[in-house]
Amino acid sequence: MIREIFVPLLRSASDGAALDAAMVLARAHKAHVTSLVTLEHPMPLVTEFGYVPSEASQRQLDESRAAAEALAARTRAQLAHEDVTSEVRVTEVMLLWSEETAALHARHCDLTVMGGPDAQDPSPHFGLNFKTLLMHSGRPVLVVPQGATVSAPARRVVIAWKPTAEAARAVHEALPLLAASSQIDVLMIDPQVTEGRHGEQPGADIAHHLARHGLTVNVVAQPREGRSDGAAILRHVQDVGADLLVMGGYGHARWREVVLGGATRNILEGARTAVLFSH
């Protein structure tokens, strides 16, 4: 059940896509939408005598505060025309990073909806927010790239399935977004037919579980064919025209994924459709 949706505004080109998706979901689930604009205070000058007030820092803070309030005002004006209840918060961050503050707010909602990475912004801003929200909020994160559309319920769904805790949580948290009318593929890339992995009939157990929720699924075992898992998943999503991808994010070797890259990172960089991640 989705009753409150959290939208962190990252000041990126895909913020609009996130807000649009949140409105679609809020109308379908009669949910409240909470948006957040964070404002980080500039680091003060520290000397042996303690903190030293800086005129330049104060000027920077005043300008940032005005920009944050202006963004909040524009968002409130936009949401005022929607037939859902909503609020826009402005939070000044002094002792925490902005992404940590966003994760604190997300913990009191059912779902976080955020825009996808901005190809025009090479800074690590998106990645820091995504990793922190996914790994520290305890809530699923729906990433909506610029240009993607979200349906409620989702029409064509791909579940990137591995028998991991993260993937199982992602499937469970996707259930409110699905319906009996949804066409669902349970996609496995080179599944291992072993007792400790996919079992003797890969995908059968999760298919039976979804069937007990009134859902009909198509189990697809796809060879990797020299591609990475992320590339193989994205190819299938594109081939079937899915409007939602569901997957676990950052598995047991998440430190390796964060540093070296992996399926989560590949999906984030290449997805053109909405992706629901859970950790």
# chains A, B, ... in the order shown; residues from 1 in each chain; ligands from 1

$ residues_around --residues "Trp161 (chain A)" --least-positions-apart "4" --cutoff "9 Å" --atoms "only C-alpha atoms" --output "ChimeraX atom specification"
/A:167-168,171,186-189,203,206,246-248

$ residues_around --residues "Arg139 (chain A)" --least-positions-apart "5" --cutoff "12 Å" --atoms "only C-alpha atoms" --output "VMD selection string"
chain A and resid 2 4 to 6 102 to 113 130 to 134 166 169 to 170 172 to 174 249 276 to 279

$ atom_distance --atom1 "CA of Ser86 (chain A)" --atom2 "CA of Leu25 (chain A)"
12.7 Å

$ atom_distance --atom1 "CA of Leu234 (chain A)" --atom2 "CA of Gly262 (chain A)"
13.2 Å

$ closest_residue --among "A:Glu69, A:Asp185, A:Glu100, A:Asp190" --to "Glu225 (chain A)" --atoms "only C-alpha atoms"
A:Asp190

$ atom_distance --atom1 "CA of Asp62 (chain A)" --atom2 "CA of Leu128 (chain A)"
24.8 Å

$ closest_residue --among "A:Arg155, A:Lys30, A:His41, A:Arg76" --to "Arg59 (chain A)" --atoms "only C-alpha atoms"
A:His41

$ select_by_dssp --residues "region 18-266 of chain A" --states "strand (DSSP E)" --output "JSON, numbers by chain"
{"A": [32, 33, 34, 35, 36, 37, 38, 39, 40, 45, 46, 47, 50, 51, 52, 86, 87, 88, 89, 90, 91, 92, 93, 111, 112, 113, 114, 115, 141, 142, 143, 144, 156, 157, 158, 159, 160, 183, 184, 185, 186, 187, 188, 189, 217, 218, 219, 220, 221, 222, 244, 245, 246, 247, 248]}

$ closest_residue --among "A:Val275, A:Ala22, A:Leu178, A:Val217" --to "Glu82 (chain A)" --atoms "only C-alpha atoms"
A:Ala22

$ select_by_dssp --residues "region 1-196 of chain A" --states "alpha helix (DSSP H)" --output "number ranges by chain"
A: 15-29, 55-79, 98-106, 125-136, 165-174

$ closest_residue --among "A:Ser182, A:Thr85, A:Ser137, A:Thr149" --to "Arg27 (chain A)" --atoms "only C-alpha atoms"
A:Thr85

$ closest_atom_pairs --of "region 68-127 of chain A" --to "region 11-20 of chain A" --cutoff "8 Å" --atoms "only C-alpha atoms" --output "JSON lines"
{"residue": "A:Val113", "atom": "CA", "partner": "A:Ala18", "partner_atom": "CA", "distance": 5.8}
{"residue": "A:Met114", "atom": "CA", "partner": "A:Ala18", "partner_atom": "CA", "distance": 5.1}
{"residue": "A:Gly115", "atom": "CA", "partner": "A:Ser14", "partner_atom": "CA", "distance": 4.6}
{"residue": "A:Gly116", "atom": "CA", "partner": "A:Ser14", "partner_atom": "CA", "distance": 5.9}
{"residue": "A:Pro117", "atom": "CA", "partner": "A:Ser14", "partner_atom": "CA", "distance": 7.5}
{"residue": "A:Asp118", "atom": "CA", "partner": "A:Ser12", "partner_atom": "CA", "distance": 6.5}

$ write_last_selection --atoms "N, CA and C atoms" --output "CSV table (one decimal), in the first residue's frame"
chain,number,residue,atom,x,y,z
A,113,VAL,N,10.5,8.7,-5.2
A,113,VAL,CA,10.6,8.9,-6.6
A,113,VAL,C,11.6,10.0,-7.0
A,114,MET,N,12.6,9.7,-7.7
A,114,MET,CA,13.6,10.7,-8.1
A,114,MET,C,13.9,10.6,-9.5
A,115,GLY,N,14.4,11.8,-10.1
A,115,GLY,CA,14.8,11.8,-11.5
A,115,GLY,C,16.0,11.0,-11.7
A,116,GLY,N,16.3,10.7,-13.0
A,116,GLY,CA,17.5,9.9,-13.3
A,116,GLY,C,18.7,10.8,-13.5
A,117,PRO,N,19.8,10.2,-13.7
A,117,PRO,CA,21.1,11.0,-13.9
A,117,PRO,C,21.0,12.0,-15.1
A,118,ASP,N,21.6,13.1,-14.9
A,118,ASP,CA,21.6,14.2,-15.9
A,118,ASP,C,22.9,14.1,-16.7

$ closest_residue --among "A:Ser35, A:Gln183, A:Asn129, A:Ser151" --to "Gln78 (chain A)" --atoms "only C-alpha atoms"
A:Ser35

$ closest_residue --among "A:Ala274, A:His208, A:Val7, A:Val144" --to "Val88 (chain A)" --atoms "only C-alpha atoms"
A:Val7
